[in-house]
>>> print(open('data19.pdb').read())   # PDB, C-alpha atoms
ATOM      1  CA  MET A   1       0.000   0.000   0.000
ATOM      2  CA  ILE A   2       1.281   3.438  -0.889
ATOM      3  CA  GLN A   3       1.960   5.842   1.962
ATOM      4  CA  PHE A   4       2.658   9.574   1.868
ATOM      5  CA  GLY A   5       5.042  11.521   4.044
ATOM      6  CA  TYR A   6       6.476  14.951   4.725
ATOM      7  CA  THR A   7      10.076  16.174   4.856
ATOM      8  CA  LEU A   8      11.501  17.990   7.864
ATOM      9  CA  SER A   9      14.173  20.068   6.145
ATOM     10  CA  SER A  10      16.850  20.608   8.778
ATOM     11  CA  GLU A  11      18.702  22.974   6.457
ATOM     12  CA  GLU A  12      15.721  25.353   6.323
ATOM     13  CA  GLN A  13      14.023  24.919   9.694
ATOM     14  CA  SER A  14      15.148  25.564  13.228
ATOM     15  CA  PRO A  15      14.831  22.503  15.465
ATOM     16  CA  LEU A  16      11.742  23.917  17.197
ATOM     17  CA  GLU A  17      10.149  24.662  13.828
ATOM     18  CA  SER A  18      10.790  21.087  12.722
ATOM     19  CA  VAL A  19       9.150  19.773  15.871
ATOM     20  CA  ARG A  20       6.124  21.976  15.294
ATOM     21  CA  TYR A  21       5.848  20.929  11.641
ATOM     22  CA  ALA A  22       6.157  17.276  12.627
ATOM     23  CA  ALA A  23       3.138  17.626  14.893
ATOM     24  CA  ARG A  24       1.219  19.454  12.139
ATOM     25  CA  ALA A  25       2.063  16.746   9.620
ATOM     26  CA  GLU A  26       0.719  14.104  11.985
ATOM     27  CA  GLU A  27      -2.414  16.163  12.547
ATOM     28  CA  LEU A  28      -2.949  16.427   8.776
ATOM     29  CA  GLY A  29      -2.697  12.685   8.271
ATOM     30  CA  PHE A  30       0.790  12.214   6.837
ATOM     31  CA  GLU A  31       1.956   8.707   7.638
ATOM     32  CA  PHE A  32       5.682   9.254   8.026
ATOM     33  CA  LEU A  33       8.395  11.908   8.235
ATOM     34  CA  MET A  34      11.907  12.088   6.830
ATOM     35  CA  ILE A  35      14.386  14.425   8.501
ATOM     36  CA  SER A  36      17.663  15.450   6.872
ATOM     37  CA  ASP A  37      20.901  14.870   8.784
ATOM     38  CA  HIS A  38      23.587  17.389   7.787
ATOM     39  CA  TYR A  39      26.402  19.275   9.469
ATOM     40  CA  HIS A  40      26.136  22.105   6.911
ATOM     41  CA  PRO A  41      23.289  23.358   4.765
ATOM     42  CA  TRP A  42      23.824  23.186   1.005
ATOM     43  CA  VAL A  43      23.991  26.986   0.603
ATOM     44  CA  ASN A  44      24.068  29.836   3.089
ATOM     45  CA  GLU A  45      20.551  30.967   2.108
ATOM     46  CA  GLN A  46      19.447  27.859   4.017
ATOM     47  CA  PRO A  47      19.943  29.179   7.559
ATOM     48  CA  HIS A  48      20.026  26.041   9.729
ATOM     49  CA  SER A  49      21.591  22.641  10.276
ATOM     50  CA  PRO A  50      20.920  21.446  13.833
ATOM     51  CA  PHE A  51      22.017  18.198  15.446
ATOM     52  CA  VAL A  52      19.291  15.938  14.135
ATOM     53  CA  TRP A  53      19.239  13.435  17.005
ATOM     54  CA  SER A  54      18.199  16.129  19.488
ATOM     55  CA  THR A  55      15.385  17.192  17.174
ATOM     56  CA  ILE A  56      14.197  13.596  16.833
ATOM     57  CA  GLY A  57      13.964  13.282  20.606
ATOM     58  CA  ALA A  58      11.651  16.288  20.740
ATOM     59  CA  VAL A  59       9.556  14.952  17.842
ATOM     60  CA  ALA A  60       9.161  11.694  19.748
ATOM     61  CA  VAL A  61       7.592  13.581  22.654
ATOM     62  CA  GLU A  62       5.341  15.798  20.522
ATOM     63  CA  THR A  63       3.889  13.069  18.261
ATOM     64  CA  GLU A  64       2.029   9.844  18.884
ATOM     65  CA  LYS A  65       1.512   7.876  15.661
ATOM     66  CA  ILE A  66       3.597   9.205  12.801
ATOM     67  CA  ARG A  67       6.755   7.305  11.826
ATOM     68  CA  LEU A  68      10.074   9.103  11.344
ATOM     69  CA  GLY A  69      13.342   8.260   9.634
ATOM     70  CA  THR A  70      16.613  10.003   8.933
ATOM     71  CA  GLY A  71      16.921  11.050   5.313
ATOM     72  CA  VAL A  72      19.754  10.180   5.428
ATOM     73  CA  THR A  73      22.539   9.614   7.957
ATOM     74  CA  CYS A  74      26.114   8.906   6.883
ATOM     75  CA  PRO A  75      27.578   6.386   9.385
ATOM     76  CA  THR A  76      31.171   6.447   8.215
ATOM     77  CA  PHE A  77      33.028   9.708   8.997
ATOM     78  CA  ARG A  78      31.655  12.306  11.447
ATOM     79  CA  TYR A  79      29.657   9.501  13.096
ATOM     80  CA  HIS A  80      31.294   6.233  14.055
ATOM     81  CA  PRO A  81      28.853   3.401  13.243
ATOM     82  CA  ALA A  82      28.804   2.333  16.904
ATOM     83  CA  ILE A  83      27.430   5.776  17.805
ATOM     84  CA  VAL A  84      24.811   5.597  15.038
ATOM     85  CA  ALA A  85      23.736   2.196  16.332
ATOM     86  CA  GLN A  86      23.230   3.613  19.830
ATOM     87  CA  ALA A  87      21.504   6.788  18.603
ATOM     88  CA  ALA A  88      19.072   4.888  16.401
ATOM     89  CA  ALA A  89      18.274   2.405  19.157
ATOM     90  CA  THR A  90      17.506   5.280  21.539
ATOM     91  CA  CYS A  91      15.276   6.998  18.965
ATOM     92  CA  GLN A  92      13.391   3.779  18.348
ATOM     93  CA  GLU A  93      12.857   3.391  22.095
ATOM     94  CA  MET A  94      11.664   6.994  22.474
ATOM     95  CA  MET A  95       9.355   6.747  19.461
ATOM     96  CA  GLU A  96       7.988   3.406  20.676
ATOM     97  CA  GLY A  97       8.731   1.577  17.463
ATOM     98  CA  ARG A  98       8.045   4.447  15.031
ATOM     99  CA  PHE A  99      11.625   5.156  13.969
ATOM    100  CA  PHE A 100      13.567   3.891  10.951
ATOM    101  CA  LEU A 101      17.204   4.563  10.092
ATOM    102  CA  GLY A 102      17.960   5.998   6.667
ATOM    103  CA  LEU A 103      21.619   5.555   5.727
ATOM    104  CA  GLY A 104      23.778   6.708   2.817
ATOM    105  CA  THR A 105      27.396   7.132   1.794
ATOM    106  CA  GLY A 106      27.198  10.860   2.498
ATOM    107  CA  GLU A 107      28.588  14.050   1.020
ATOM    108  CA  ASN A 108      31.952  15.752   1.318
ATOM    109  CA  LEU A 109      29.990  18.831   2.457
ATOM    110  CA  ASN A 110      29.276  17.244   5.832
ATOM    111  CA  GLU A 111      31.875  14.547   6.309
ATOM    112  CA  HIS A 112      35.209  16.242   5.551
ATOM    113  CA  ILE A 113      34.919  18.379   8.694
ATOM    114  CA  ILE A 114      36.762  15.854  10.885
ATOM    115  CA  GLY A 115      39.860  16.071   8.691
ATOM    116  CA  GLU A 116      39.941  12.455   7.545
ATOM    117  CA  GLY A 117      39.683  13.279   3.848
ATOM    118  CA  TRP A 118      37.119  12.214   1.275
ATOM    119  CA  PRO A 119      38.166   8.996  -0.461
ATOM    120  CA  ALA A 120      36.963   7.553  -3.751
ATOM    121  CA  TYR A 121      33.464   6.079  -3.942
ATOM    122  CA  ARG A 122      34.785   2.503  -3.912
ATOM    123  CA  VAL A 123      36.369   3.103  -0.503
ATOM    124  CA  ARG A 124      33.311   4.928   0.796
ATOM    125  CA  ARG A 125      31.119   2.030  -0.253
ATOM    126  CA  GLU A 126      33.352  -0.479   1.547
ATOM    127  CA  MET A 127      33.260   1.681   4.671
ATOM    128  CA  PHE A 128      29.497   1.962   4.362
ATOM    129  CA  GLU A 129      29.000  -1.804   4.118
ATOM    130  CA  GLU A 130      31.221  -2.366   7.158
ATOM    131  CA  SER A 131      29.335   0.280   9.133
ATOM    132  CA  ILE A 132      25.997  -1.460   8.512
ATOM    133  CA  GLU A 133      27.587  -4.735   9.613
ATOM    134  CA  ILE A 134      28.653  -3.072  12.869
ATOM    135  CA  ILE A 135      25.230  -1.509  13.483
ATOM    136  CA  ARG A 136      23.474  -4.842  13.035
ATOM    137  CA  LEU A 137      26.074  -6.579  15.212
ATOM    138  CA  LEU A 138      25.500  -4.168  18.099
ATOM    139  CA  TRP A 139      21.736  -4.481  17.717
ATOM    140  CA  GLN A 140      22.065  -8.180  18.488
ATOM    141  CA  GLY A 141      22.631  -7.188  22.094
ATOM    142  CA  GLY A 142      25.281  -8.282  24.527
ATOM    143  CA  GLU A 143      28.929  -7.271  24.492
ATOM    144  CA  GLN A 144      30.322  -7.122  20.975
ATOM    145  CA  SER A 145      33.698  -6.471  19.348
ATOM    146  CA  HIS A 146      34.598  -5.903  15.721
ATOM    147  CA  TYR A 147      38.001  -5.608  14.046
ATOM    148  CA  GLY A 148      37.654  -4.654  10.404
ATOM    149  CA  PRO A 149      39.626  -2.878   7.707
ATOM    150  CA  TYR A 150      38.101   0.521   8.568
ATOM    151  CA  TYR A 151      36.576   0.320  12.057
ATOM    152  CA  THR A 152      37.312  -1.131  15.449
ATOM    153  CA  VAL A 153      34.714  -1.740  18.144
ATOM    154  CA  GLU A 154      35.856  -3.099  21.494
ATOM    155  CA  ASN A 155      33.635  -4.518  24.234
ATOM    156  CA  ALA A 156      30.627  -2.431  23.217
ATOM    157  CA  ARG A 157      27.119  -3.106  24.397
ATOM    158  CA  ILE A 158      23.968  -1.111  23.717
ATOM    159  CA  TYR A 159      21.990  -1.320  26.932
ATOM    160  CA  THR A 160      18.935   0.656  25.796
ATOM    161  CA  LEU A 161      17.958  -1.717  23.020
ATOM    162  CA  PRO A 162      14.358  -1.632  21.743
ATOM    163  CA  GLU A 163      12.377  -4.839  21.428
ATOM    164  CA  LYS A 164      11.611  -4.000  17.773
ATOM    165  CA  LEU A 165      14.742  -2.924  15.927
ATOM    166  CA  PRO A 166      14.596  -0.068  13.384
ATOM    167  CA  GLN A 167      14.544  -0.842   9.698
ATOM    168  CA  ILE A 168      17.620   0.296   7.774
ATOM    169  CA  ILE A 169      16.646   2.172   4.607
ATOM    170  CA  VAL A 170      19.575   2.632   2.221
ATOM    171  CA  ALA A 171      19.838   5.628  -0.116
ATOM    172  CA  ALA A 172      20.764   5.036  -3.750
ATOM    173  CA  GLY A 173      21.373   7.364  -6.658
ATOM    174  CA  GLY A 174      22.191   4.682  -9.229
ATOM    175  CA  PRO A 175      21.926   0.941  -9.924
ATOM    176  CA  SER A 176      25.148   0.053  -8.098
ATOM    177  CA  SER A 177      23.994   1.666  -4.848
ATOM    178  CA  ALA A 178      20.514   0.217  -5.338
ATOM    179  CA  GLU A 179      22.027  -3.256  -5.613
ATOM    180  CA  LEU A 180      23.798  -2.687  -2.304
ATOM    181  CA  ALA A 181      20.522  -1.486  -0.757
ATOM    182  CA  GLY A 182      18.840  -4.721  -1.792
ATOM    183  CA  GLN A 183      21.667  -6.771  -0.311
ATOM    184  CA  VAL A 184      22.235  -5.100   3.056
ATOM    185  CA  GLY A 185      19.203  -2.880   3.704
ATOM    186  CA  ASP A 186      15.557  -3.248   4.664
ATOM    187  CA  GLY A 187      14.411  -0.718   2.062
ATOM    188  CA  LEU A 188      15.425   1.815  -0.578
ATOM    189  CA  CYS A 189      15.504   5.628  -0.518
ATOM    190  CA  CYS A 190      15.798   7.718  -3.677
ATOM    191  CA  THR A 191      15.249  11.302  -4.848
ATOM    192  CA  SER A 192      14.202  10.551  -8.435
ATOM    193  CA  PRO A 193      11.647   8.168  -9.990
ATOM    194  CA  ASP A 194      14.288   5.980 -11.597
ATOM    195  CA  GLU A 195      12.918   2.614 -12.753
ATOM    196  CA  GLU A 196      16.439   1.286 -13.350
ATOM    197  CA  VAL A 197      17.318   1.933  -9.702
ATOM    198  CA  VAL A 198      14.198   0.150  -8.491
ATOM    199  CA  ARG A 199      14.872  -2.776 -10.834
ATOM    200  CA  ALA A 200      18.420  -3.168  -9.520
ATOM    201  CA  PHE A 201      17.114  -3.017  -5.967
ATOM    202  CA  ASP A 202      14.504  -5.686  -6.661
ATOM    203  CA  GLU A 203      16.939  -8.014  -8.400
ATOM    204  CA  ALA A 204      19.365  -7.753  -5.471
ATOM    205  CA  GLY A 205      16.739  -8.952  -3.000
ATOM    206  CA  GLY A 206      14.598  -5.885  -2.324
ATOM    207  CA  SER A 207      11.441  -6.840  -4.206
ATOM    208  CA  LYS A 208       9.347  -7.116  -1.045
ATOM    209  CA  MET A 209      10.944  -4.181   0.780
ATOM    210  CA  PRO A 210       9.676  -0.563   0.979
ATOM    211  CA  ARG A 211      10.888   2.035  -1.539
ATOM    212  CA  TYR A 212      10.977   5.655  -0.357
ATOM    213  CA  GLY A 213      10.978   8.452  -2.925
ATOM    214  CA  GLN A 214      11.299  12.182  -2.224
ATOM    215  CA  ILE A 215       9.571  14.843  -4.326
ATOM    216  CA  THR A 216      10.911  18.367  -3.884
ATOM    217  CA  VAL A 217       8.174  20.971  -4.352
ATOM    218  CA  CYS A 218       7.640  24.668  -3.797
ATOM    219  CA  TRP A 219       4.045  25.723  -3.344
ATOM    220  CA  ALA A 220       3.242  29.426  -3.670
ATOM    221  CA  GLU A 221       0.279  31.507  -4.808
ATOM    222  CA  ASN A 222       1.734  31.665  -8.330
ATOM    223  CA  GLU A 223       4.309  29.700 -10.273
ATOM    224  CA  ASP A 224       6.754  32.567 -10.811
ATOM    225  CA  GLU A 225       6.919  33.227  -7.078
ATOM    226  CA  ALA A 226       7.489  29.548  -6.382
ATOM    227  CA  ILE A 227      10.299  29.267  -8.944
ATOM    228  CA  ALA A 228      11.999  32.369  -7.544
ATOM    229  CA  THR A 229      11.774  30.975  -4.003
ATOM    230  CA  ALA A 230      13.135  27.571  -5.022
ATOM    231  CA  LEU A 231      15.999  29.147  -6.987
ATOM    232  CA  ARG A 232      16.962  31.339  -4.035
ATOM    233  CA  ILE A 233      16.659  28.768  -1.248
ATOM    234  CA  TRP A 234      17.185  25.395  -2.942
ATOM    235  CA  PRO A 235      19.347  26.041  -6.048
ATOM    236  CA  ASN A 236      21.226  22.794  -5.391
ATOM    237  CA  ALA A 237      18.245  20.985  -6.915
ATOM    238  CA  GLY A 238      19.506  22.175 -10.277
ATOM    239  CA  LEU A 239      22.945  20.573  -9.979
ATOM    240  CA  GLY A 240      23.601  17.403 -11.924
ATOM    241  CA  GLY A 241      26.212  14.684 -11.820
ATOM    242  CA  GLU A 242      28.314  14.032  -8.728
ATOM    243  CA  LEU A 243      28.753  17.618  -7.544
ATOM    244  CA  SER A 244      26.417  17.151  -4.575
ATOM    245  CA  GLN A 245      28.738  14.430  -3.234
ATOM    246  CA  GLU A 246      32.020  16.161  -3.982
ATOM    247  CA  LEU A 247      31.802  19.889  -3.168
ATOM    248  CA  PRO A 248      33.154  20.645   0.339
ATOM    249  CA  THR A 249      31.436  23.826   1.585
ATOM    250  CA  PRO A 250      28.238  25.885   1.177
ATOM    251  CA  THR A 251      30.365  28.551  -0.510
ATOM    252  CA  HIS A 252      31.417  26.064  -3.181
ATOM    253  CA  PHE A 253      27.773  25.121  -3.693
ATOM    254  CA  GLU A 254      26.904  28.791  -4.090
ATOM    255  CA  GLN A 255      29.575  29.138  -6.753
ATOM    256  CA  ALA A 256      28.308  26.076  -8.601
ATOM    257  CA  THR A 257      24.638  27.028  -8.337
ATOM    258  CA  SER A 258      25.287  30.518  -9.667
ATOM    259  CA  LEU A 259      24.952  28.836 -13.059
ATOM    260  CA  VAL A 260      21.546  27.328 -12.246
ATOM    261  CA  ARG A 261      18.701  29.070 -14.069
ATOM    262  CA  GLU A 262      14.973  29.349 -13.420
ATOM    263  CA  GLU A 263      14.260  26.822 -16.164
ATOM    264  CA  ASP A 264      16.610  24.344 -14.456
ATOM    265  CA  ILE A 265      14.744  24.748 -11.191
ATOM    266  CA  SER A 266      11.334  24.422 -12.821
ATOM    267  CA  LYS A 267      12.441  21.044 -14.185
ATOM    268  CA  ALA A 268      13.877  19.791 -10.882
ATOM    269  CA  VAL A 269      11.246  21.167  -8.460
ATOM    270  CA  VAL A 270       7.459  21.048  -8.764
ATOM    271  CA  CYS A 271       6.582  24.734  -8.481
ATOM    272  CA  GLY A 272       3.367  26.683  -8.087
ATOM    273  CA  PRO A 273      -0.290  26.158  -7.138
ATOM    274  CA  ASP A 274      -1.381  23.665  -9.835
ATOM    275  CA  PRO A 275      -2.282  20.352  -8.137
ATOM    276  CA  ASP A 276      -2.103  18.483 -11.450
ATOM    277  CA  LYS A 277       1.663  19.047 -11.595
ATOM    278  CA  TYR A 278       2.064  17.524  -8.153
ATOM    279  CA  MET A 279      -0.096  14.538  -9.009
ATOM    280  CA  GLN A 280       1.782  13.995 -12.259
ATOM    281  CA  LYS A 281       5.048  13.727 -10.335
ATOM    282  CA  VAL A 282       3.485  11.430  -7.732
ATOM    283  CA  THR A 283       2.232   9.205 -10.545
ATOM    284  CA  GLU A 284       5.764   9.013 -11.970
ATOM    285  CA  TYR A 285       7.020   7.675  -8.651
ATOM    286  CA  VAL A 286       4.165   5.205  -8.288
ATOM    287  CA  GLU A 287       4.682   3.884 -11.818
ATOM    288  CA  SER A 288       8.409   3.536 -11.115
ATOM    289  CA  GLY A 289       7.669   1.272  -8.168
ATOM    290  CA  PHE A 290       7.853   3.561  -5.124
ATOM    291  CA  ASP A 291       5.380   2.886  -2.327
ATOM    292  CA  HIS A 292       6.469   5.529   0.221
ATOM    293  CA  ILE A 293       6.431   9.025  -1.295
ATOM    294  CA  TYR A 294       7.326  12.099   0.740
ATOM    295  CA  LEU A 295       7.046  15.773  -0.120
ATOM    296  CA  HIS A 296       9.718  18.356   0.610
ATOM    297  CA  GLN A 297       8.273  21.891   0.575
ATOM    298  CA  VAL A 298      10.995  24.441  -0.115
ATOM    299  CA  GLY A 299      10.804  27.789   1.632
ATOM    300  CA  PRO A 300       9.349  29.286   4.795
ATOM    301  CA  ASP A 301       5.654  29.003   3.906
ATOM    302  CA  GLN A 302       5.090  25.533   5.300
ATOM    303  CA  GLU A 303       1.615  26.454   6.547
ATOM    304  CA  GLY A 304       0.615  27.558   3.052
ATOM    305  CA  PHE A 305       1.786  24.188   1.747
ATOM    306  CA  PHE A 306      -0.144  22.376   4.474
ATOM    307  CA  ARG A 307      -3.348  24.187   3.427
ATOM    308  CA  PHE A 308      -2.681  23.345  -0.205
ATOM    309  CA  TYR A 309      -2.073  19.720   0.711
ATOM    310  CA  LYS A 310      -5.305  19.468   2.667
ATOM    311  CA  GLU A 311      -7.481  21.306   0.143
ATOM    312  CA  GLU A 312      -5.952  20.274  -3.184
ATOM    313  CA  LEU A 313      -3.859  17.114  -2.824
ATOM    314  CA  GLU A 314      -5.082  14.917  -0.004
ATOM    315  CA  ALA A 315      -8.199  13.522  -1.694
ATOM    316  CA  SER A 316      -6.260  12.523  -4.819
ATOM    317  CA  LEU A 317      -3.458  10.961  -2.787
ATOM    318  CA  VAL A 318      -5.941   8.979  -0.706
ATOM    319  CA  LYS A 319      -7.465   7.708  -3.948
ATOM    320  CA  ILE A 320      -4.068   6.562  -5.211
ATOM    321  CA  ALA A 321      -3.362   4.801  -1.905
ATOM    322  CA  SER A 322      -6.791   3.109  -1.943
ATOM    323  CA  GLU A 323      -6.354   1.878  -5.522
ATOM    324  CA  SER A 324      -2.916   0.539  -4.657
ATOM    325  CA  ALA A 325      -4.284  -1.306  -1.621
ATOM    326  CA  ARG A 326      -7.087  -2.797  -3.725
ATOM    327  CA  GLN A 327      -4.644  -4.010  -6.366
ATOM    328  CA  THR A 328      -2.421  -5.546  -3.684
ATOM    329  CA  THR A 329      -5.405  -7.376  -2.182
ATOM    330  CA  ASN A 330      -6.467  -8.730  -5.582
ATOM    331  CA  ALA A 331      -2.962  -9.776  -6.573
TER     332      ALA A 331
END
>>> encode(input="data19.pdb", output="C-alpha cells")
Amino acid sequence: MIQFGYTLSSEEQSPLESVRYAARAEELGFEFLMISDHYHPWVNEQPHSPFVWSTIGAVAVETEKIRLGTGVTCPTFRYHPAIVAQAAATCQEMMEGRFFLGLGTGENLNEHIIGEGWPAYRVRREMFEESIEIIRLLWQGGEQSHYGPYYTVENARIYTLPEKLPQIIVAAGGPSSAELAGQVGDGLCCTSPDEEVVRAFDEAGGSKMPRYGQITVCWAENEDEAIATALRIWPNAGLGGELSQELPTPTHFEQATSLVREEDISKAVVCGPDPDKYMQKVTEYVESGFDHIYLHQVGPDQEGFFRFYKEELEASLVKIASESARQTTNA
C-alpha cells in the first residue's frame, strides 16, 4: 500500500520549527516523516543545520503515531557506526517503534569536517557496508567487538535496546547503490523516480521491501513566485552529476549554483499552485515502483503548503493509496 510523508528540512528549519511541523504533519494525516541529517546546509541561504538526534527526541515527545526516519545519515566519517547504532536504538525506544534509520554514503559537504579526507566512492562504499555490519552486530545485544579494515569496536554493548529494531533504509542514486541497498538494507531511498534503480534493488533482494521516494516541491500563490523561491533557497536541486557528493562547503555550492537558471529549477522542483503538476510527479514515482512518497516543501511558507495539501492534494493521494491497496489485495 502506498503511503505519503512529509520532509523535515533541517537545512531550512530551526529545530523547534521542525518539531512543530512534525506535529502538524501528523495532525494532517501524513503517515511518516523524513528528517535530513547534515552538518552544513547546502547553501548559506538555508539558515540552519541542527544536530538531528536532538530534534528527533523532541519529535518523539510531541507526536504519537507518525513514523520518522533520517533522510539520510552517513555512518562512516563524522559519526562512528557504533554511535549511530546507539543513537538509532535510543530513537526507536523513544518513538515506541516508530523510527527507521535511513543511511547513505554521504557528502563531502558534511563529512570532511573531521579532517579524515574524502576517499573515492569505492572506498566509501566499503566503509558503508562495514558500518551497517557493525550496526546490526551491536543491535544483536550483549557485548560485541569488531576488528575490520576501517573500524574497530571493542567490548561495546547497547543497553537501551528496543524490542523491535529499526529498519535500515539505504539511499541510492544509481543501480550500483541500489544493488547494495537490496543486499544489506531493509528498504530503498531515492530522490528521483528511476525505474532502473528500483529494478536493480529488486533483483538484489529488495522486491518485497519498501521504496521511499522524495519529491521536492515549492508551493506558492503563483508559479513565478514559487520558482523564484526555489531558486533562491534550494538552487542545489539544479545541480547534476556528482557535484552534490564532492563539493566541500556551502560557498562552493553557491559558486556552482550561480549557473543554475529558473528553467533548471522548474524542471527539478514542482513549483506553483497547480495540483495536477504535483499529481503527475506522484504518478511518476508510483509507476516507477515507489510505495512511500514524501514531499519536501521548499521555503518558509510551510503552513501555506499544508493548506494546499489538505485542500488540493489529499483527496487525490488517498485515492491513489486506496487503488494501490485494492490491487495488492487482488494480486
>>> closest_residue(input="data19.pdb", among="A:Glu12, A:Glu163, A:Glu154, A:Glu26", to="A:Pro50", atoms="all atoms listed in the file")
A:Glu12
>>> residues_around(input="data19.pdb", residues="A:Phe30", least_positions_apart="3", cutoff="8 Å", atoms="only C-alpha atoms", output="list in words")
Phe4, Gly5, Tyr6, Ala25, Glu26, Glu27, Leu33 and Ile66 of chain A
>>> atom_distance(input="data19.pdb", atom1="atom CA of A:Glu64", atom2="atom CA of A:Gln297")
22.8 Å
>>> resolve_selection(input="data19.pdb", expression="the PyMOL selection byres ((chain A and resi 180) around 10)", output="mmCIF file with C-alpha atoms, in the frame of the given file")
data_model
loop_
_atom_site.group_PDB
_atom_site.id
_atom_site.type_symbol
_atom_site.label_atom_id
_atom_site.label_comp_id
_atom_site.auth_asym_id
_atom_site.auth_seq_id
_atom_site.Cartn_x
_atom_site.Cartn_y
_atom_site.Cartn_z
ATOM 1 C CA ARG A 125 31.119 2.030 -0.253
ATOM 2 C CA PHE A 128 29.497 1.962 4.362
ATOM 3 C CA GLU A 129 29.000 -1.804 4.118
ATOM 4 C CA VAL A 170 19.575 2.632 2.221
ATOM 5 C CA ALA A 171 19.838 5.628 -0.116
ATOM 6 C CA ALA A 172 20.764 5.036 -3.750
ATOM 7 C CA PRO A 175 21.926 0.941 -9.924
ATOM 8 C CA SER A 176 25.148 0.053 -8.098
ATOM 9 C CA SER A 177 23.994 1.666 -4.848
ATOM 10 C CA ALA A 178 20.514 0.217 -5.338
ATOM 11 C CA GLU A 179 22.027 -3.256 -5.613
ATOM 12 C CA ALA A 181 20.522 -1.486 -0.757
ATOM 13 C CA GLY A 182 18.840 -4.721 -1.792
ATOM 14 C CA GLN A 183 21.667 -6.771 -0.311
ATOM 15 C CA VAL A 184 22.235 -5.100 3.056
ATOM 16 C CA GLY A 185 19.203 -2.880 3.704
ATOM 17 C CA LEU A 188 15.425 1.815 -0.578
ATOM 18 C CA ALA A 200 18.420 -3.168 -9.520
ATOM 19 C CA PHE A 201 17.114 -3.017 -5.967
ATOM 20 C CA ALA A 204 19.365 -7.753 -5.471
ATOM 21 C CA GLY A 205 16.739 -8.952 -3.000
ATOM 22 C CA GLY A 206 14.598 -5.885 -2.324
#
>>> residues_around(input="data19.pdb", residues="A:Lys277", least_positions_apart="3", cutoff="12 Å", atoms="all atoms listed in the file", output="CSV table (one decimal) with C-alpha atoms, in the frame of the given file")
chain,number,residue,atom,x,y,z
A,215,ILE,CA,9.6,14.8,-4.3
A,217,VAL,CA,8.2,21.0,-4.4
A,218,CYS,CA,7.6,24.7,-3.8
A,219,TRP,CA,4.0,25.7,-3.3
A,223,GLU,CA,4.3,29.7,-10.3
A,266,SER,CA,11.3,24.4,-12.8
A,267,LYS,CA,12.4,21.0,-14.2
A,269,VAL,CA,11.2,21.2,-8.5
A,270,VAL,CA,7.5,21.0,-8.8
A,271,CYS,CA,6.6,24.7,-8.5
A,272,GLY,CA,3.4,26.7,-8.1
A,273,PRO,CA,-0.3,26.2,-7.1
A,274,ASP,CA,-1.4,23.7,-9.8
A,280,GLN,CA,1.8,14.0,-12.3
A,281,LYS,CA,5.0,13.7,-10.3
A,282,VAL,CA,3.5,11.4,-7.7
A,283,THR,CA,2.2,9.2,-10.5
A,284,GLU,CA,5.8,9.0,-12.0
A,312,GLU,CA,-6.0,20.3,-3.2
A,313,LEU,CA,-3.9,17.1,-2.8
>>> atom_distance(input="data19.pdb", atom1="atom CA of A:Leu68", atom2="atom CA of A:Phe99")
5.0 Å
>>> atom_distance(input="data19.pdb", atom1="atom CA of A:Asp224", atom2="atom CA of A:Gly304")
16.0 Å
>>> resolve_selection(input="data19.pdb", expression="the PyMOL selection byres ((chain A and resi 93) around 12)", output="list in words")
Ile56, Gly57, Ala60, Val61, Gln86, Ala87, Ala88, Ala89, Thr90, Cys91, Gln92, Met94, Met95, Glu96, Gly97, Arg98, Phe99, Phe100, Tyr159, Thr160, Leu161, Pro162, Glu163, Lys164, Leu165 and Pro166 of chain A
>>> residues_around(input="data19.pdb", residues="A:Pro119", least_positions_apart="2", cutoff="12 Å", atoms="only C-alpha atoms", output="PyMOL selection string")
chain A and resi 76-77+105-108+111-112+115-117+121-127+245-246
>>> resolve_selection(input="data19.pdb", expression="the PyMOL selection byres ((chain A and resi 143) around 9)", output="PyMOL selection string")
chain A and resi 138+141-142+144-145+154-158
>>> closest_residue(input="data19.pdb", among="A:Arg326, A:Val43, A:Pro149, A:Trp139", to="A:Gln167", atoms="only C-alpha atoms")
A:Trp139
